[in-house]
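S.K.: target_26.cif is reproduced in full below (mmCIF, C-alpha atoms and all ligand atoms).
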```cif
data_data
#
loop_
_atom_site.label_atom_id
_atom_site.label_comp_id
_atom_site.auth_asym_id
_atom_site.auth_seq_id
_atom_site.Cartn_x
_atom_site.Cartn_y
_atom_site.Cartn_z
CA MET M 26 -6.35 2.40 17.86
CA PHE M 27 -8.26 1.26 14.78
CA TYR M 28 -7.13 3.17 11.69
CA VAL M 29 -9.41 2.56 8.76
CA GLY M 30 -9.97 4.44 5.52
CA CYS M 31 -10.07 4.07 1.78
CA HIS M 32 -8.59 5.32 -1.44
CA LEU M 33 -9.57 8.95 -2.10
CA SER M 34 -9.17 11.33 -5.02
CA SER M 35 -6.37 13.81 -4.37
CA SER M 36 -7.54 16.34 -6.97
CA ALA M 37 -8.83 18.85 -4.40
CA GLY M 38 -5.87 18.62 -2.03
CA PHE M 39 -5.06 17.25 1.42
CA LEU M 40 -7.56 19.19 3.51
CA LYS M 41 -10.37 18.05 1.24
CA MET M 42 -9.24 14.43 1.54
CA GLY M 43 -9.15 14.80 5.31
CA GLU M 44 -12.66 16.23 5.35
CA THR M 45 -13.94 13.50 3.06
CA ALA M 46 -12.31 10.88 5.29
CA LEU M 47 -14.08 12.35 8.34
CA LYS M 48 -17.43 12.16 6.56
CA LEU M 49 -16.80 8.47 5.90
CA ASN M 50 -15.84 7.93 9.56
CA ALA M 51 -12.31 7.17 8.36
CA ASN M 52 -9.12 8.17 10.14
CA THR M 53 -6.60 7.38 7.40
CA PHE M 54 -6.70 7.31 3.59
CA GLN M 55 -4.75 6.42 0.50
CA PHE M 56 -4.17 8.76 -2.43
CA PHE M 57 -2.13 9.28 -5.58
CA LEU M 58 0.48 12.04 -5.60
CA ARG M 59 -0.01 12.34 -9.36
CA ASN M 60 -2.18 10.88 -12.07
CA PRO M 61 -2.11 7.09 -11.53
CA ARG M 62 -1.12 6.69 -15.18
CA GLY M 63 2.02 8.61 -14.32
CA GLY M 64 1.32 12.17 -15.50
CA ALA M 65 2.70 15.36 -14.05
CA ALA M 66 2.32 15.89 -10.33
CA LYS M 67 0.49 18.87 -8.93
CA ASP M 68 2.48 21.20 -6.71
CA ILE M 69 1.87 20.58 -3.04
CA ASP M 70 0.43 23.59 -1.25
CA ASP M 71 2.00 23.79 2.20
CA LYS M 72 -0.93 25.83 3.53
CA ASP M 73 -3.27 23.03 2.46
CA VAL M 74 -0.95 20.48 4.11
CA LYS M 75 -0.87 22.50 7.34
CA ALA M 76 -4.66 22.72 7.46
CA PHE M 77 -4.88 18.97 6.86
CA LEU M 78 -2.33 18.18 9.58
CA GLU M 79 -4.37 20.18 12.09
CA LEU M 80 -7.53 18.31 11.16
CA ALA M 81 -5.66 14.99 11.29
CA LYS M 82 -4.23 15.72 14.71
CA LYS M 83 -7.55 16.85 16.14
CA ASN M 84 -9.24 13.71 14.88
CA ASN M 85 -6.48 11.23 15.77
CA PHE M 86 -5.70 10.18 12.22
CA GLY M 87 -3.21 7.42 11.61
CA LYS M 88 -0.52 7.61 8.95
CA ILE M 89 -1.70 8.27 5.42
CA LEU M 90 -0.55 6.27 2.43
CA ALA M 91 0.55 7.62 -0.93
CA HIS M 92 0.39 5.13 -3.81
CA ALA M 93 2.94 5.30 -6.63
CA PRO M 94 1.54 5.49 -10.19
CA TYR M 95 0.68 2.14 -11.77
CA THR M 96 2.98 2.94 -14.68
CA LEU M 97 5.99 2.99 -12.39
CA ASN M 98 7.83 -0.21 -13.32
CA PRO M 99 11.35 -0.31 -11.91
CA CYS M 100 12.05 -3.70 -13.54
CA SER M 101 10.81 -3.01 -17.04
CA LYS M 102 12.79 -4.51 -19.89
CA ASP M 103 12.79 -1.06 -21.45
CA GLU M 104 15.50 1.21 -20.11
CA LYS M 105 13.42 4.34 -20.72
CA THR M 106 10.61 2.96 -18.55
CA ARG M 107 13.09 2.18 -15.79
CA GLU M 108 14.49 5.70 -16.07
CA PHE M 109 10.96 7.10 -15.81
CA ALA M 110 10.43 4.97 -12.68
CA ARG M 111 13.60 6.34 -11.15
CA LEU M 112 12.64 9.97 -11.84
CA VAL M 113 9.03 9.63 -10.67
CA PHE M 114 10.06 7.68 -7.58
CA ALA M 115 12.66 10.27 -6.53
CA ASP M 116 10.29 13.16 -7.26
CA ASP M 117 7.44 11.55 -5.31
CA LEU M 118 9.68 10.95 -2.32
CA LYS M 119 10.77 14.61 -2.38
CA ARG M 120 7.09 15.59 -2.41
CA MET M 121 6.42 13.31 0.55
CA GLU M 122 8.75 15.53 2.61
CA HIS M 123 5.89 18.06 2.63
CA ILE M 124 3.88 15.57 4.69
CA LYS M 125 6.62 14.10 6.82
CA GLY M 126 6.20 10.84 8.68
CA ASN M 127 3.82 9.07 6.31
CA LEU M 128 3.92 6.09 3.94
CA TYR M 129 4.67 5.63 0.23
CA ASN M 130 3.60 2.35 -1.36
CA PHE M 131 4.70 0.98 -4.74
CA HIS M 132 4.34 -2.16 -6.83
CA PRO M 133 7.72 -3.89 -7.27
CA GLY M 134 6.86 -4.20 -10.95
CA SER M 135 6.60 -6.69 -13.79
CA HIS M 136 9.73 -8.24 -15.23
CA VAL M 137 8.13 -8.94 -18.63
CA GLY M 138 10.17 -12.02 -19.38
CA GLN M 139 13.51 -10.94 -17.95
CA GLY M 140 13.11 -13.27 -14.97
CA VAL M 141 12.89 -12.53 -11.27
CA PRO M 142 16.63 -12.33 -10.43
CA THR M 143 17.28 -9.64 -13.08
CA ALA M 144 14.15 -7.80 -11.99
CA ILE M 145 15.17 -7.81 -8.33
CA ASN M 146 18.57 -6.36 -9.26
CA GLN M 147 16.91 -3.60 -11.28
CA ILE M 148 14.40 -2.80 -8.53
CA THR M 149 17.07 -2.60 -5.85
CA GLU M 150 19.36 -0.54 -8.07
CA ILE M 151 16.65 2.12 -8.31
CA LEU M 152 15.75 1.86 -4.63
CA ASN M 153 19.37 2.32 -3.66
CA GLU M 154 19.41 5.57 -5.61
CA VAL M 155 16.07 7.04 -4.60
CA MET M 156 15.76 5.96 -0.96
CA VAL M 157 18.04 8.84 0.11
CA GLU M 158 15.07 11.09 -0.67
CA ALA M 159 12.88 9.22 1.82
CA LYS M 160 14.15 11.15 4.79
CA ASN M 161 10.88 11.11 6.70
CA THR M 162 8.86 8.60 4.74
CA THR M 163 8.56 4.85 5.05
CA VAL M 164 8.65 3.28 1.59
CA LEU M 165 6.53 0.16 1.25
CA LEU M 166 6.59 -2.74 -1.19
CA GLU M 167 3.11 -4.02 -1.94
CA THR M 168 2.44 -7.76 -1.84
CA MET M 169 1.34 -8.68 -5.38
CA SER M 170 -1.03 -11.31 -6.77
CA GLY M 171 1.49 -12.64 -9.29
CA LYS M 172 -0.55 -11.83 -12.37
CA GLY M 173 1.50 -11.82 -15.56
CA SER M 174 5.15 -11.42 -14.66
CA GLU M 175 4.63 -9.46 -11.44
CA VAL M 176 7.46 -9.52 -8.92
CA GLY M 177 6.63 -9.56 -5.21
CA SER M 178 3.91 -12.21 -5.01
CA THR M 179 5.96 -14.27 -2.54
CA PHE M 180 7.23 -13.10 0.82
CA GLU M 181 10.65 -14.46 -0.19
CA GLU M 182 10.89 -12.12 -3.21
CA LEU M 183 9.93 -9.13 -1.07
CA ALA M 184 12.49 -10.16 1.57
CA GLU M 185 15.17 -10.38 -1.10
CA ILE M 186 14.39 -6.86 -2.34
CA ILE M 187 14.53 -5.59 1.25
CA SER M 188 17.83 -7.34 1.97
CA LYS M 189 19.47 -6.02 -1.20
CA THR M 190 18.41 -2.44 -0.55
CA HIS M 191 20.96 -0.60 1.54
CA LYS M 192 19.82 0.96 4.74
CA ASN M 193 19.99 4.68 4.15
CA GLY M 194 20.43 5.29 7.84
CA ILE M 195 17.07 7.00 8.01
CA ASN M 196 14.32 4.68 6.98
CA GLU M 197 14.14 1.08 5.94
CA LEU M 198 11.76 -0.51 3.48
CA GLY M 199 8.49 -1.88 4.75
CA VAL M 200 5.59 -3.81 3.29
CA CYS M 201 1.93 -3.09 2.52
CA LEU M 202 -0.13 -6.28 2.59
CA ASP M 203 -3.05 -6.41 0.14
CA THR M 204 -5.56 -9.08 1.21
CA CYS M 205 -6.88 -9.67 -2.33
CA HIS M 206 -3.35 -9.97 -3.70
CA VAL M 207 -1.94 -12.36 -1.08
CA TYR M 208 -5.00 -14.62 -1.27
CA SER M 209 -4.73 -14.68 -5.08
CA ALA M 210 -1.01 -15.38 -4.70
CA GLY M 211 -1.76 -18.51 -2.67
CA TYR M 212 -1.53 -17.36 0.96
CA ASP M 213 -4.64 -18.61 2.71
CA ILE M 214 -5.39 -15.74 5.09
CA ILE M 215 -8.95 -17.01 5.47
CA ASN M 216 -8.38 -20.57 6.71
CA LYS M 217 -4.74 -20.38 7.82
CA LEU M 218 -4.21 -16.80 8.95
CA ASP M 219 -1.93 -17.68 11.88
CA ASP M 220 0.33 -19.76 9.63
CA VAL M 221 0.52 -17.05 6.96
CA LEU M 222 1.39 -14.35 9.48
CA GLU M 223 3.96 -16.62 11.12
CA HIS M 224 5.51 -17.21 7.71
CA PHE M 225 5.48 -13.48 6.99
CA ASP M 226 7.18 -12.86 10.33
CA LYS M 227 9.86 -15.45 9.67
CA VAL M 228 10.64 -14.34 6.11
CA ILE M 229 10.08 -10.55 6.23
CA GLY M 230 9.34 -9.65 9.85
CA LEU M 231 5.98 -8.38 11.07
CA ASN M 232 7.78 -5.24 12.27
CA ARG M 233 8.05 -4.30 8.59
CA LEU M 234 4.30 -4.49 8.00
CA HIS M 235 3.17 -0.85 7.99
CA ALA M 236 -0.03 -0.85 5.96
CA ILE M 237 -2.89 -3.06 4.84
CA HIS M 238 -5.06 -2.90 1.73
CA LEU M 239 -8.33 -4.56 2.65
CA ASN M 240 -10.10 -5.97 -0.40
CA ASP M 241 -12.21 -8.98 -1.20
CA SER M 242 -11.37 -10.83 -4.42
CA LEU M 243 -13.48 -11.53 -7.46
CA THR M 244 -11.35 -14.57 -8.29
CA GLU M 245 -10.70 -17.75 -6.35
CA PHE M 246 -7.86 -18.61 -3.99
CA ASN M 247 -4.45 -18.97 -5.70
CA SER M 248 -5.83 -17.62 -8.99
CA HIS M 249 -2.90 -15.23 -9.59
CA LYS M 250 -5.40 -12.62 -10.72
CA ASP M 251 -5.85 -9.11 -9.37
CA ARG M 252 -9.54 -8.34 -9.30
CA HIS M 253 -10.77 -6.51 -6.22
CA GLU M 254 -14.31 -7.05 -4.96
CA THR M 255 -16.41 -5.29 -2.31
CA LEU M 256 -16.14 -6.77 1.20
CA GLY M 257 -18.20 -9.92 1.59
CA ASN M 258 -18.94 -10.34 -2.10
CA GLY M 259 -15.83 -12.22 -3.13
CA SER M 260 -13.85 -15.37 -2.44
CA LEU M 261 -12.44 -14.16 0.89
CA GLY M 262 -15.80 -13.39 2.48
CA LEU M 263 -16.75 -10.94 5.22
CA GLU M 264 -16.25 -13.29 8.15
CA GLY M 265 -12.65 -14.01 7.18
CA LEU M 266 -11.88 -10.36 6.53
CA ILE M 267 -13.26 -9.40 9.94
CA ARG M 268 -11.14 -12.10 11.57
CA PHE M 269 -8.20 -10.69 9.65
CA VAL M 270 -8.57 -7.09 10.88
CA ASN M 271 -9.00 -8.37 14.45
CA HIS M 272 -5.84 -10.48 14.46
CA PRO M 273 -3.70 -9.36 17.41
CA ALA M 274 -0.56 -9.16 15.25
CA LEU M 275 -2.22 -6.60 12.97
CA LYS M 276 -3.63 -4.20 15.56
CA GLY M 277 -2.82 -0.55 14.93
CA ILE M 278 -1.70 -1.00 11.32
CA PRO M 279 -3.59 1.44 9.05
CA ILE M 280 -6.12 -0.33 6.84
CA ASN M 281 -7.28 1.12 3.53
CA LEU M 282 -10.06 -0.17 1.31
CA GLU M 283 -9.49 -0.37 -2.44
CA THR M 284 -12.79 -2.02 -3.13
CA PRO M 285 -14.82 -1.06 -6.22
CA ASN M 286 -16.96 1.58 -4.52
CA GLU M 287 -18.11 5.15 -4.59
CA LEU M 288 -17.87 7.13 -1.35
CA ASP M 289 -21.18 5.86 0.05
CA GLY M 290 -20.03 2.27 -0.50
CA TYR M 291 -16.79 3.00 1.33
CA ALA M 292 -18.74 4.57 4.21
CA LYS M 293 -20.80 1.39 4.52
CA GLU M 294 -17.74 -0.86 4.53
CA ILE M 295 -15.98 1.34 7.09
CA ALA M 296 -19.09 1.17 9.29
CA ILE M 297 -19.15 -2.64 9.03
CA LEU M 298 -15.47 -2.84 10.01
CA ARG M 299 -15.90 -0.47 12.94
CA GLU M 300 -18.95 -2.40 14.19
CA ASN M 301 -17.00 -5.65 14.08
CA TYR M 302 -13.71 -4.42 15.43
CA LYS M 303 -12.88 -5.56 18.94
CA ASP M 304 -10.52 -3.31 20.86
FE FE Y 1 -1.47 -1.20 -5.31
FE FE Y 2 -3.51 -2.84 -3.22
ZN ZN Y 3 -4.89 -4.95 -6.75
#
```
Would you kindly transcribe this structure into structure tokens?

M.R.:
Amino acid sequence: MFYVGCHLSSSAGFLKMGETALKLNANTFQFFLRNPRGGAAKDIDDKDVKAFLELAKKNNFGKILAHAPYTLNPCSKDEKTREFARLVFADDLKRMEHIKGNLYNFHPGSHVGQGVPTAINQITEILNEVMVEAKNTTVLLETMSGKGSEVGSTFEELAEIISKTHKNGINELGVCLDTCHVYSAGYDIINKLDDVLEHFDKVIGLNRLHAIHLNDSLTEFNSHKDRHETLGNGSLGLEGLIRFVNHPALKGIPINLETPNELDGYAKEIAILRENYKD
């Protein structure tokens, strides 16, 4: 099954997102549970969720992907910011129990000069407290580009976070691979895709790869920048991105676009991917 979608506004609820996804010929989507800048979350309406779940089932949707707010930084130097991350994280995971069985993705954070080892300890300390709330949700670390002092731009750093986070007996951490980010971080998924995926498998395990963000990049390979571009108009190129989505190791993993687009642009990109997807 090919699960493809894009980032959608959650302001009108789950059913509305499902309906919008259908219009775009999508069968998954990504959304924020709250304002991406970290504001208060809206209450989840279980009637709305139920209506969405029916639509999703009827239309063979894949898992949907919630994205943590950008302001969530579990390895901030500032204790108050880390405390905020802990509270938001735990609250979001409780909310995810309204839509059991889906995915929650977050950025490992920026260590702002503290160094990676300290940051990894802070990230895993928070994870070890909040993961008990993820009873029916798979929590995903996003692969980062390494801009500024971002943690998680190497597979090794992500693997270390995973290994230091206790299994809560329910769900283990997974990974969401962002094509723009990994390419900017120096993983050549365009010319050496097999090697990169083999490396991912060895260090993290492909069984932990639960979601993909499909983006082209405005900046060149290994630039350590995080600038998304529409498919085919950046340094990765359409041909390479199509090869990527067709790689046998990645089949069935939900793919979401985070390209700079309005809905009609997303619809076009989804159509291109569907046309070029080989079952
Ligand atoms: Fe992200
Ligand atoms: Fe992303
Ligand atoms: Zn990005």

S.K.: Which of these, M:Ser260, M:Thr45, M:Thr168, M:Asn247, has the shortest distance to ligand FE 2 (chain Y) once you count only C-alpha atoms and all ligand atoms?

M.R.: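 Ranked by minimum distance to ligand FE 2 (chain Y), first place goes to M:Thr168.
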
S.K.: Tell me, as a ChimeraX atom specification, which residues lie within 6 Å of Cys205 in chain M, counting all atoms listed in the file; anything in the same chain fewer than 5 positions away does not count.

M.R.: /M:240-242

S.K.: Applying 12 Å and only C-alpha atoms, which residues near range 78-87 of chain M remain after dropping the ones on its own chain fewer than 5 positions away? List them as a PyMOL selection string.

M.R.: chain M and resi 26-30+39-48+50-55+71-73+123-128+235-236+277-281

S.K.: Using only C-alpha atoms and all ligand atoms, what are the residues with an atom within 12 Å of ligand ZN 3 (chain Y), set out as a PyMOL selection string?

M.R.: chain M and resi 92+95+131-132+167-172+175+178+201-210+237-244+249-254+282-285

S.K.: Which polymer residues have any atom within 12 Å of an atom of range 144-147 of chain M, counting all atoms listed in the file, with same-chain residues fewer than 5 positions away left out, as an MDAnalysis selection string?

M.R.: chainID M and resid 98:104 106:108 110:111 133:139 152:154 174:177 181:190

S.K.: Just give me the gap between CA of Asn232 in chain M and CA of Lys276 in chain M in Å, one decimal is fine.

M.R.: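 Value for the CA of Asn232 in chain M-CA of Lys276 in chain M distance: 11.9 Å.
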
S.K.: How many Å lie between CA of Leu231 in chain M and CA of Leu165 in chain M, rounded to one decimal?

M.R.: 13.0 Å

S.K.: Which residues are near Ile215 in chain M? Cut-off 9 Å, only C-alpha atoms, ignore same chain within fewer than 2 positions. Put them as a PyMOL selection string.

M.R.: chain M and resi 208+212-213+217-218+261-262+264-266+268-269

S.K.: Please determine, counting only C-alpha atoms and all ligand atoms, which residue among M:Met121, M:Ala93, M:Leu263, M:Leu58 has the shortest atom-to-atom distance to ligand FE 1 (chain Y).

M.R.: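 When distances to ligand FE 1 (chain Y) are compared using only C-alpha atoms and all ligand atoms, the smallest one comes from M:Ala93.
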
S.K.: Out of M:Leu49, M:Ile151, M:Leu166, M:Asp116, which residue has the shortest atom-to-atom distance to ligand FE 2 (chain Y) when counting all atoms listed in the file?

M.R.: M:Leu166

S.K.: Draw an axis-aligned box tight on the listed atoms of range 78-83 of chain M, then pad every side by 4 Å and write out centre and edge lengths in Å to one decimal as AutoDock Vina command-line options.

M.R.:
```
--center_x -4.9 --center_y 17.6 --center_z 12.9 --size_x 13.2 --size_y 13.2 --size_z 14.6
```

S.K.: Let me make sure I understand: among M:Phe109, M:Phe77, M:Phe246, M:Tyr129, which one has the smallest atom-to-atom distance to ligand FE 1 (chain Y) if we use all atoms listed in the file?

M.R.: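 Answer, going by the shortest atom-to-atom distance: M:Tyr129.
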
S.K.: For ligand FE 2 (chain Y), which residue out of M:Leu118, M:Leu90, M:Ala274, M:Ala37 is the nearest one, using only C-alpha atoms and all ligand atoms?

M.R.: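 Once distances to ligand FE 2 (chain Y) are computed over only C-alpha atoms and all ligand atoms, the minimum belongs to M:Leu90.
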
S.K.: For ligand FE 1 (chain Y), which of M:Thr149, M:Asn130, M:Ser35, M:Asn60 is the closest residue, counting all atoms listed in the file?

M.R.: M:Asn130

S.K.: Hey, can you check how far CA of Val200 in chain M sits from CA of Leu234 in chain M?

M.R.: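 Interatomic distance here is 4.9 Å.
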
S.K.: Return range 235-246 of chain M, completed with all heavy atoms, as a JSON list (two decimals), in the frame of the given file.

M.R.:
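Everything below was put into out_17.json:
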```
[["chain", "number", "residue", "atom", "x", "y", "z"],
["M", 235, "HIS", "N", 3.60, -2.19, 7.58],
["M", 235, "HIS", "CA", 3.17, -0.85, 7.99],
["M", 235, "HIS", "C", 1.80, -0.45, 7.46],
["M", 235, "HIS", "O", 1.28, 0.59, 7.84],
["M", 235, "HIS", "CB", 4.19, 0.19, 7.50],
["M", 235, "HIS", "CG", 5.50, 0.10, 8.19],
["M", 235, "HIS", "ND1", 5.71, 0.60, 9.46],
["M", 235, "HIS", "CD2", 6.68, -0.44, 7.82],
["M", 235, "HIS", "CE1", 6.96, 0.38, 9.83],
["M", 235, "HIS", "NE2", 7.57, -0.25, 8.84],
["M", 236, "ALA", "N", 1.26, -1.23, 6.52],
["M", 236, "ALA", "CA", -0.03, -0.85, 5.96],
["M", 236, "ALA", "C", -0.74, -2.08, 5.41],
["M", 236, "ALA", "O", -0.10, -3.07, 5.05],
["M", 236, "ALA", "CB", 0.15, 0.18, 4.84],
["M", 237, "ILE", "N", -2.07, -1.97, 5.38],
["M", 237, "ILE", "CA", -2.89, -3.06, 4.84],
["M", 237, "ILE", "C", -3.86, -2.48, 3.82],
["M", 237, "ILE", "O", -4.47, -1.43, 4.04],
["M", 237, "ILE", "CB", -3.67, -3.75, 5.99],
["M", 237, "ILE", "CG1", -2.70, -4.56, 6.87],
["M", 237, "ILE", "CG2", -4.79, -4.66, 5.45],
["M", 237, "ILE", "CD1", -3.25, -4.93, 8.21],
["M", 238, "HIS", "N", -3.98, -3.16, 2.68],
["M", 238, "HIS", "CA", -5.06, -2.90, 1.73],
["M", 238, "HIS", "C", -6.09, -3.97, 1.96],
["M", 238, "HIS", "O", -5.80, -5.16, 1.79],
["M", 238, "HIS", "CB", -4.56, -2.99, 0.28],
["M", 238, "HIS", "CG", -3.73, -1.83, -0.16],
["M", 238, "HIS", "ND1", -2.94, -1.87, -1.29],
["M", 238, "HIS", "CD2", -3.61, -0.58, 0.37],
["M", 238, "HIS", "CE1", -2.35, -0.68, -1.42],
["M", 238, "HIS", "NE2", -2.73, 0.10, -0.44],
["M", 239, "LEU", "N", -7.29, -3.57, 2.35],
["M", 239, "LEU", "CA", -8.33, -4.56, 2.65],
["M", 239, "LEU", "C", -9.30, -4.64, 1.47],
["M", 239, "LEU", "O", -10.06, -3.70, 1.21],
["M", 239, "LEU", "CB", -9.07, -4.19, 3.94],
["M", 239, "LEU", "CG", -9.89, -5.34, 4.51],
["M", 239, "LEU", "CD1", -8.96, -6.35, 5.22],
["M", 239, "LEU", "CD2", -10.94, -4.85, 5.49],
["M", 240, "ASN", "N", -9.25, -5.76, 0.78],
["M", 240, "ASN", "CA", -10.10, -5.97, -0.40],
["M", 240, "ASN", "C", -10.58, -7.41, -0.39],
["M", 240, "ASN", "O", -9.84, -8.31, 0.01],
["M", 240, "ASN", "CB", -9.28, -5.77, -1.68],
["M", 240, "ASN", "CG", -8.65, -4.39, -1.77],
["M", 240, "ASN", "OD1", -9.35, -3.38, -1.65],
["M", 240, "ASN", "ND2", -7.35, -4.32, -1.94],
["M", 241, "ASP", "N", -11.78, -7.62, -0.88],
["M", 241, "ASP", "CA", -12.21, -8.98, -1.20],
["M", 241, "ASP", "C", -11.74, -9.25, -2.63],
["M", 241, "ASP", "O", -11.21, -8.34, -3.30],
["M", 241, "ASP", "CB", -13.74, -9.10, -1.07],
["M", 241, "ASP", "CG", -14.16, -10.50, -0.66],
["M", 241, "ASP", "OD1", -13.49, -11.47, -1.06],
["M", 241, "ASP", "OD2", -15.18, -10.64, 0.05],
["M", 242, "SER", "N", -11.87, -10.48, -3.09],
["M", 242, "SER", "CA", -11.37, -10.83, -4.42],
["M", 242, "SER", "C", -12.46, -11.46, -5.27],
["M", 242, "SER", "O", -13.19, -12.34, -4.82],
["M", 242, "SER", "CB", -10.19, -11.80, -4.29],
["M", 242, "SER", "OG", -9.81, -12.25, -5.57],
["M", 243, "LEU", "N", -12.51, -11.00, -6.51],
["M", 243, "LEU", "CA", -13.48, -11.53, -7.46],
["M", 243, "LEU", "C", -13.10, -12.94, -7.91],
["M", 243, "LEU", "O", -13.94, -13.73, -8.33],
["M", 243, "LEU", "CB", -13.50, -10.59, -8.68],
["M", 243, "LEU", "CG", -14.63, -10.69, -9.67],
["M", 243, "LEU", "CD1", -15.94, -10.27, -9.02],
["M", 243, "LEU", "CD2", -14.35, -9.78, -10.86],
["M", 244, "THR", "N", -11.81, -13.27, -7.81],
["M", 244, "THR", "CA", -11.35, -14.57, -8.29],
["M", 244, "THR", "C", -10.99, -15.48, -7.11],
["M", 244, "THR", "O", -10.80, -15.02, -5.99],
["M", 244, "THR", "CB", -10.14, -14.42, -9.24],
["M", 244, "THR", "OG1", -9.10, -13.75, -8.54],
["M", 244, "THR", "CG2", -10.51, -13.64, -10.48],
["M", 245, "GLU", "N", -10.88, -16.76, -7.41],
["M", 245, "GLU", "CA", -10.70, -17.75, -6.35],
["M", 245, "GLU", "C", -9.28, -17.73, -5.76],
["M", 245, "GLU", "O", -8.37, -17.12, -6.33],
["M", 245, "GLU", "CB", -11.08, -19.15, -6.85],
["M", 245, "GLU", "CG", -10.14, -19.75, -7.88],
["M", 245, "GLU", "CD", -10.38, -19.29, -9.33],
["M", 245, "GLU", "OE1", -11.00, -18.21, -9.53],
["M", 245, "GLU", "OE2", -9.93, -20.00, -10.24],
["M", 246, "PHE", "N", -9.14, -18.45, -4.66],
["M", 246, "PHE", "CA", -7.86, -18.61, -3.99],
["M", 246, "PHE", "C", -6.79, -19.08, -4.98],
["M", 246, "PHE", "O", -7.05, -19.95, -5.82],
["M", 246, "PHE", "CB", -8.02, -19.65, -2.86],
["M", 246, "PHE", "CG", -6.73, -20.02, -2.18],
["M", 246, "PHE", "CD1", -6.04, -19.08, -1.42],
["M", 246, "PHE", "CD2", -6.21, -21.31, -2.30],
["M", 246, "PHE", "CE1", -4.85, -19.42, -0.79],
["M", 246, "PHE", "CE2", -5.02, -21.65, -1.68],
["M", 246, "PHE", "CZ", -4.34, -20.71, -0.92]]
```
